[in-house]
$ cat target.csv   # CSV, C-alpha atoms
chain,number,residue,atom,x,y,z
M,1471,MET,CA,-13.5,-31.2,32.8
M,1472,SER,CA,-14.1,-27.7,34.3
M,1473,ASP,CA,-15.9,-24.9,32.5
M,1474,GLU,CA,-12.6,-23.1,32.3
M,1475,GLN,CA,-10.9,-26.1,30.7
M,1476,ALA,CA,-13.8,-26.5,28.3
M,1477,ASP,CA,-13.6,-22.9,27.3
M,1478,THR,CA,-9.8,-23.2,26.7
M,1479,ARG,CA,-10.3,-26.3,24.6
M,1480,THR,CA,-13.0,-24.6,22.6
M,1481,ALA,CA,-10.9,-21.6,21.9
M,1482,ALA,CA,-7.9,-23.8,20.8
M,1483,GLU,CA,-10.2,-25.7,18.4
M,1484,LEU,CA,-11.5,-22.5,17.0
M,1485,ARG,CA,-8.0,-21.1,16.4
M,1486,HIS,CA,-7.1,-24.4,14.7
M,1487,ARG,CA,-10.1,-24.2,12.4
M,1488,MET,CA,-9.3,-20.5,11.6
M,1489,ALA,CA,-5.7,-21.4,10.8
M,1490,ASN,CA,-6.9,-24.2,8.5
M,1491,THR,CA,-9.3,-21.8,6.8
M,1492,PHE,CA,-6.6,-19.2,6.2
M,1493,GLN,CA,-4.2,-21.8,4.8
M,1494,LEU,CA,-6.9,-23.2,2.5
M,1495,MET,CA,-7.6,-19.6,1.2
M,1496,SER,CA,-3.9,-19.1,0.7
M,1497,ALA,CA,-3.5,-22.3,-1.2
M,1498,LEU,CA,-6.5,-21.4,-3.5
M,1499,ALA,CA,-5.0,-18.0,-4.3
M,1500,ARG,CA,-1.6,-19.5,-5.0
M,1501,MET,CA,-3.2,-22.1,-7.3
M,1502,ARG,CA,-5.1,-19.5,-9.2
M,1503,GLY,CA,-1.9,-17.4,-9.5
M,1504,GLN,CA,0.0,-20.3,-11.0
M,1505,ARG,CA,-2.7,-20.7,-13.7
M,1506,ALA,CA,-3.0,-17.0,-14.4
M,1507,SER,CA,-1.8,-16.1,-18.0
M,1508,GLU,CA,-1.0,-12.5,-17.2
M,1509,PRO,CA,2.3,-12.0,-15.2
M,1510,GLU,CA,0.8,-9.1,-13.2
M,1511,ALA,CA,-2.3,-11.1,-12.3
M,1512,ARG,CA,0.0,-14.0,-11.3
M,1513,ARG,CA,2.1,-11.7,-9.1
M,1514,GLN,CA,-0.9,-10.1,-7.4
M,1515,LEU,CA,-2.5,-13.5,-6.6
M,1516,VAL,CA,0.8,-14.8,-5.2
M,1517,TRP,CA,1.1,-11.7,-3.1
M,1518,MET,CA,-2.5,-12.3,-1.8
M,1519,ALA,CA,-1.7,-15.9,-1.0
M,1520,ASP,CA,1.4,-14.9,1.0
M,1521,ALA,CA,-0.6,-12.3,3.0
M,1522,ILE,CA,-3.4,-14.7,3.8
M,1523,GLY,CA,-0.9,-17.4,4.8
M,1524,SER,CA,0.8,-14.9,7.1
M,1525,LEU,CA,-2.4,-14.1,8.8
M,1526,GLY,CA,-3.3,-17.8,9.2
M,1527,ALA,CA,0.1,-18.5,10.9
M,1528,LEU,CA,-0.9,-16.0,13.6
M,1529,GLU,CA,-3.7,-18.3,14.8
M,1530,ARG,CA,-1.2,-20.8,16.3
M,1531,HIS,CA,0.2,-18.1,18.6
M,1532,ARG,CA,-3.0,-16.5,20.0
M,1533,GLN,CA,-3.0,-16.7,23.8
M,1534,GLU,CA,-5.0,-15.1,26.6
M,1535,ALA,CA,-2.3,-12.4,26.9
M,1536,GLY,CA,-2.4,-11.7,23.2
M,1537,VAL,CA,-0.4,-13.0,20.3
M,1538,ASP,CA,3.2,-14.2,21.0
M,1539,PHE,CA,4.7,-12.2,18.1
M,1540,ALA,CA,8.2,-13.4,18.6
M,1541,ALA,CA,7.1,-17.0,18.2
M,1542,TYR,CA,5.1,-16.0,15.1
M,1543,LEU,CA,8.2,-14.5,13.5
M,1544,ALA,CA,10.2,-17.6,14.4
M,1545,ASP,CA,7.6,-19.7,12.7
M,1546,MET,CA,7.6,-17.5,9.6
M,1547,THR,CA,11.4,-17.3,9.1
M,1548,PRO,CA,11.7,-20.8,7.5
M,1549,VAL,CA,8.5,-20.1,5.4
M,1550,TRP,CA,10.1,-16.9,4.1
M,1551,GLN,CA,13.3,-18.8,3.5
M,1552,ARG,CA,11.4,-21.4,1.4
M,1553,ARG,CA,9.4,-18.9,-0.6
M,1554,GLN,CA,12.5,-17.3,-2.1
M,1555,GLY,CA,13.3,-20.5,-3.8
M,1556,THR,CA,16.9,-21.0,-4.9
M,1557,ARG,CA,18.0,-17.4,-4.1
M,1558,PRO,CA,20.8,-17.7,-1.5
M,1559,ALA,CA,19.9,-14.8,0.8
M,1560,GLU,CA,19.7,-15.9,4.5
M,1561,ILE,CA,17.2,-14.7,7.0
M,1562,GLN,CA,18.4,-14.1,10.6
M,1563,LEU,CA,16.0,-13.5,13.5
M,1564,SER,CA,16.7,-11.6,16.7
M,1565,CYS,CA,13.5,-11.2,18.8
M,1566,ALA,CA,12.6,-10.3,22.4
M,1567,GLN,CA,9.5,-12.0,23.7
M,1568,LEU,CA,6.5,-9.8,23.1
M,1569,HIS,CA,2.8,-10.2,23.3
M,1570,VAL,CA,0.6,-7.9,21.3
M,1571,SER,CA,-3.1,-7.5,20.9
M,1572,ASP,CA,-5.0,-9.5,18.3
M,1573,GLN,CA,-5.7,-6.5,16.1
M,1574,ALA,CA,-2.1,-5.1,16.3
M,1575,ALA,CA,-0.7,-8.6,15.6
M,1576,SER,CA,-2.6,-8.9,12.3
M,1577,THR,CA,-1.3,-5.5,11.2
M,1578,LEU,CA,2.3,-6.2,12.3
M,1579,ALA,CA,2.2,-9.6,10.5
M,1580,LEU,CA,1.3,-7.9,7.2
M,1581,ILE,CA,4.0,-5.3,7.7
M,1582,ALA,CA,6.7,-7.9,8.5
M,1583,GLN,CA,5.5,-10.0,5.5
M,1584,GLU,CA,5.8,-7.1,3.1
M,1585,LEU,CA,9.2,-5.9,4.4
M,1586,VAL,CA,10.8,-9.3,4.2
M,1587,ALA,CA,9.3,-10.0,0.8
M,1588,ASN,CA,10.5,-6.7,-0.5
M,1589,ALA,CA,14.0,-7.2,0.9
M,1590,LEU,CA,14.3,-10.7,-0.7
M,1591,ALA,CA,12.7,-9.6,-4.1
M,1592,HIS,CA,14.5,-6.4,-4.6
M,1593,GLY,CA,17.7,-6.5,-2.5
M,1594,TYR,CA,19.4,-9.4,-4.2
M,1595,PRO,CA,19.1,-9.5,-7.9
M,1596,ASP,CA,21.0,-12.0,-10.1
M,1597,ALA,CA,21.2,-14.6,-7.3
M,1598,ARG,CA,23.4,-12.4,-5.1
M,1599,ALA,CA,23.9,-13.8,-1.6
M,1600,GLY,CA,23.2,-11.7,1.5
M,1601,VAL,CA,21.5,-11.5,4.9
M,1602,VAL,CA,18.1,-10.1,5.8
M,1603,LYS,CA,17.9,-9.4,9.6
M,1604,VAL,CA,14.5,-9.3,11.3
M,1605,GLY,CA,14.5,-7.8,14.8
M,1606,LEU,CA,11.9,-7.2,17.5
M,1607,ARG,CA,12.7,-5.4,20.7
M,1608,ARG,CA,11.2,-3.4,23.5
M,1609,LEU,CA,12.1,0.3,23.8
M,1610,ASP,CA,11.2,2.7,26.6
M,1611,ASP,CA,7.7,3.9,27.5
M,1612,ASP,CA,5.8,0.8,26.3
M,1613,ARG,CA,7.1,1.2,22.8
M,1614,CYS,CA,8.6,-1.5,20.6
M,1615,GLU,CA,10.6,-1.7,17.4
M,1616,LEU,CA,10.3,-4.0,14.5
M,1617,THR,CA,13.2,-3.9,12.0
M,1618,VAL,CA,13.9,-5.6,8.7
M,1619,ALA,CA,17.4,-4.8,7.5
M,1620,ASP,CA,19.2,-6.2,4.4
M,1621,ASP,CA,22.7,-5.8,3.0
M,1622,GLY,CA,21.4,-5.8,-0.6
M,1623,GLN,CA,21.7,-3.3,-3.4
M,1624,GLY,CA,19.4,-0.8,-1.8
M,1625,PHE,CA,17.4,1.9,-3.7
M,1626,ASP,CA,17.0,5.6,-3.8
M,1627,PRO,CA,13.7,6.6,-2.2
M,1628,ALA,CA,13.9,10.0,-3.9
M,1629,ALA,CA,14.1,8.5,-7.4
M,1630,PRO,CA,11.2,9.0,-9.7
M,1631,GLY,CA,8.5,6.4,-9.0
M,1632,ALA,CA,10.1,5.1,-5.8
M,1633,ARG,CA,7.5,6.8,-3.6
M,1634,GLU,CA,4.7,5.2,-5.6
M,1635,ARG,CA,5.8,1.6,-4.9
M,1636,PHE,CA,2.8,-0.2,-3.5
M,1637,GLY,CA,4.8,-2.0,-0.8
M,1638,LEU,CA,6.0,1.2,0.8
M,1639,TRP,CA,2.6,2.8,0.6
M,1640,PHE,CA,1.0,-0.3,2.1
M,1641,VAL,CA,3.5,-0.5,5.0
M,1642,ARG,CA,3.1,3.3,5.8
M,1643,SER,CA,-0.7,2.9,5.7
M,1644,LEU,CA,-0.5,-0.1,8.1
M,1645,ALA,CA,1.9,1.6,10.4
M,1646,ALA,CA,-0.6,4.3,11.1
M,1647,GLN,CA,-3.1,1.6,12.3
M,1648,VAL,CA,-0.7,0.7,15.1
M,1649,ARG,CA,0.2,4.4,15.9
M,1650,GLY,CA,3.6,3.6,14.5
M,1651,GLU,CA,6.5,5.6,13.1
M,1652,PHE,CA,8.0,4.1,10.0
M,1653,ALA,CA,11.3,5.1,8.6
M,1654,LEU,CA,13.7,3.8,5.9
M,1655,ASP,CA,17.5,4.1,5.9
M,1656,CYS,CA,18.9,3.3,2.4
M,1657,ARG,CA,22.5,4.3,2.9
M,1658,ALA,CA,23.8,0.7,3.0
M,1659,GLY,CA,21.3,-1.8,1.8
M,1660,VAL,CA,17.9,-1.0,3.3
M,1661,VAL,CA,16.9,-0.7,7.0
M,1662,ALA,CA,13.2,-0.5,7.6
M,1663,ARG,CA,12.2,0.4,11.1
M,1664,LEU,CA,8.8,0.6,12.7
M,1665,VAL,CA,8.4,2.0,16.2
M,1666,PHE,CA,5.0,1.3,17.7
M,1667,SER,CA,3.1,1.4,21.0
M,1668,LEU,CA,1.7,-1.6,22.7

$ encode --input "target.csv" --output "structure tokens"
Amino acid sequence: MSDEQADTRTAAELRHRMANTFQLMSALARMRGQRASEPEARRQLVWMADAIGSLGALERHRQEAGVDFAAYLADMTPVWQRRQGTRPAEIQLSCAQLHVSDQAASTLALIAQELVANALAHGYPDARAGVVKVGLRRLDDDRCELTVADDGQGFDPAAPGARERFGLWFVRSLAAQVRGEFALDCRAGVVARLVFSL
């Protein structure tokens, strides 16, 4: 085995170990959440478990050229579908192939996780059916666009308290880390759009 092959194998083994570590941490947080007596503590621990699990899933898609983010989203789609339980909303994916840096990928993974979770949790109350569309495409000038659009009930971002939602604050904060421009369109359902530079 050449030195290059040995390095590749070592890197693959390290990624595998890291993915397993993230998944273990996610499982522990979820188990603690299930045993929490306070509903808010339970909700926060499950949120943390989902975020850690999302980061762990990235490890399977790290390559020399960066993280294959389209493949990551394809892997996460059935996970997001399972997490919503019996709610009938469908998740549809439309992605161009895109490699992003390790650091940007982690941030984008957390953004995608939060946007999809918000769409599923708030867009379809009372077991309403619907579709959440996740898109990833290249724009001009080395920019890309990540979108999460739902056809759910929507919300008024100008309503009292809406601006204080943790999810929106969290996504806007993360968007700044990838020099991204984040926008919401709430006229029909919710369309969340992040334009970022590679």

$ closest_residue --input "target.csv" --among "M:Leu1580, M:Val1618, M:Ala1628, M:Val1516" --to "Leu1606 of chain M" --atoms "all atoms listed in the file"
M:Val1618

$ residues_around --input "target.csv" --residues "Ala1582 of chain M" --least-positions-apart "4" --cutoff "10 Å" --atoms "all atoms listed in the file" --output "PyMOL selection string"
chain M and resi 1524+1543+1546+1577-1578+1586-1588+1604+1616-1618+1641+1662+1664

$ closest_residue --input "target.csv" --among "M:Ala1511, M:Met1495, M:Ala1521, M:Met1501" --to "Trp1550 of chain M" --atoms "all atoms listed in the file"
M:Ala1521

$ residues_around --input "target.csv" --residues "Leu1525 of chain M" --least-positions-apart "3" --cutoff "12 Å" --atoms "only C-alpha atoms" --output "MDAnalysis selection string"
chainID M and resid 1485 1488:1496 1518:1522 1528:1532 1537 1539 1542:1543 1546 1572:1583

$ atom_distance --input "target.csv" --atom1 "atom CA of Gly1650 of chain M" --atom2 "atom CA of Asp1538 of chain M"
19.0 Å

$ closest_residue --input "target.csv" --among "M:Arg1649, M:Arg1657, M:Arg1552, M:Arg1598" --to "Arg1613 of chain M" --atoms "all atoms listed in the file"
M:Arg1649

$ residues_around --input "target.csv" --residues "Tyr1594 of chain M" --least-positions-apart "4" --cutoff "12 Å" --atoms "only C-alpha atoms" --output "PyMOL selection string"
chain M and resi 1554+1556-1560+1587-1590+1598-1602+1620-1625+1659-1660

$ atom_distance --input "target.csv" --atom1 "atom CA of Leu1563 of chain M" --atom2 "atom CA of Leu1609 of chain M"
17.7 Å

$ atom_distance --input "target.csv" --atom1 "atom CA of Gln1567 of chain M" --atom2 "atom CA of Glu1584 of chain M"
21.5 Å

$ closest_residue --input "target.csv" --among "M:Leu1638, M:Cys1614, M:Ala1646, M:Leu1654" --to "Phe1666 of chain M" --atoms "only C-alpha atoms"
M:Cys1614

$ closest_residue --input "target.csv" --among "M:Arg1635, M:Arg1608, M:Arg1505, M:Arg1513" --to "Val1570 of chain M" --atoms "all atoms listed in the file"
M:Arg1608

$ closest_residue --input "target.csv" --among "M:Pro1509, M:Pro1627, M:Leu1668, M:Ser1564" --to "Gln1647 of chain M" --atoms "all atoms listed in the file"
M:Leu1668
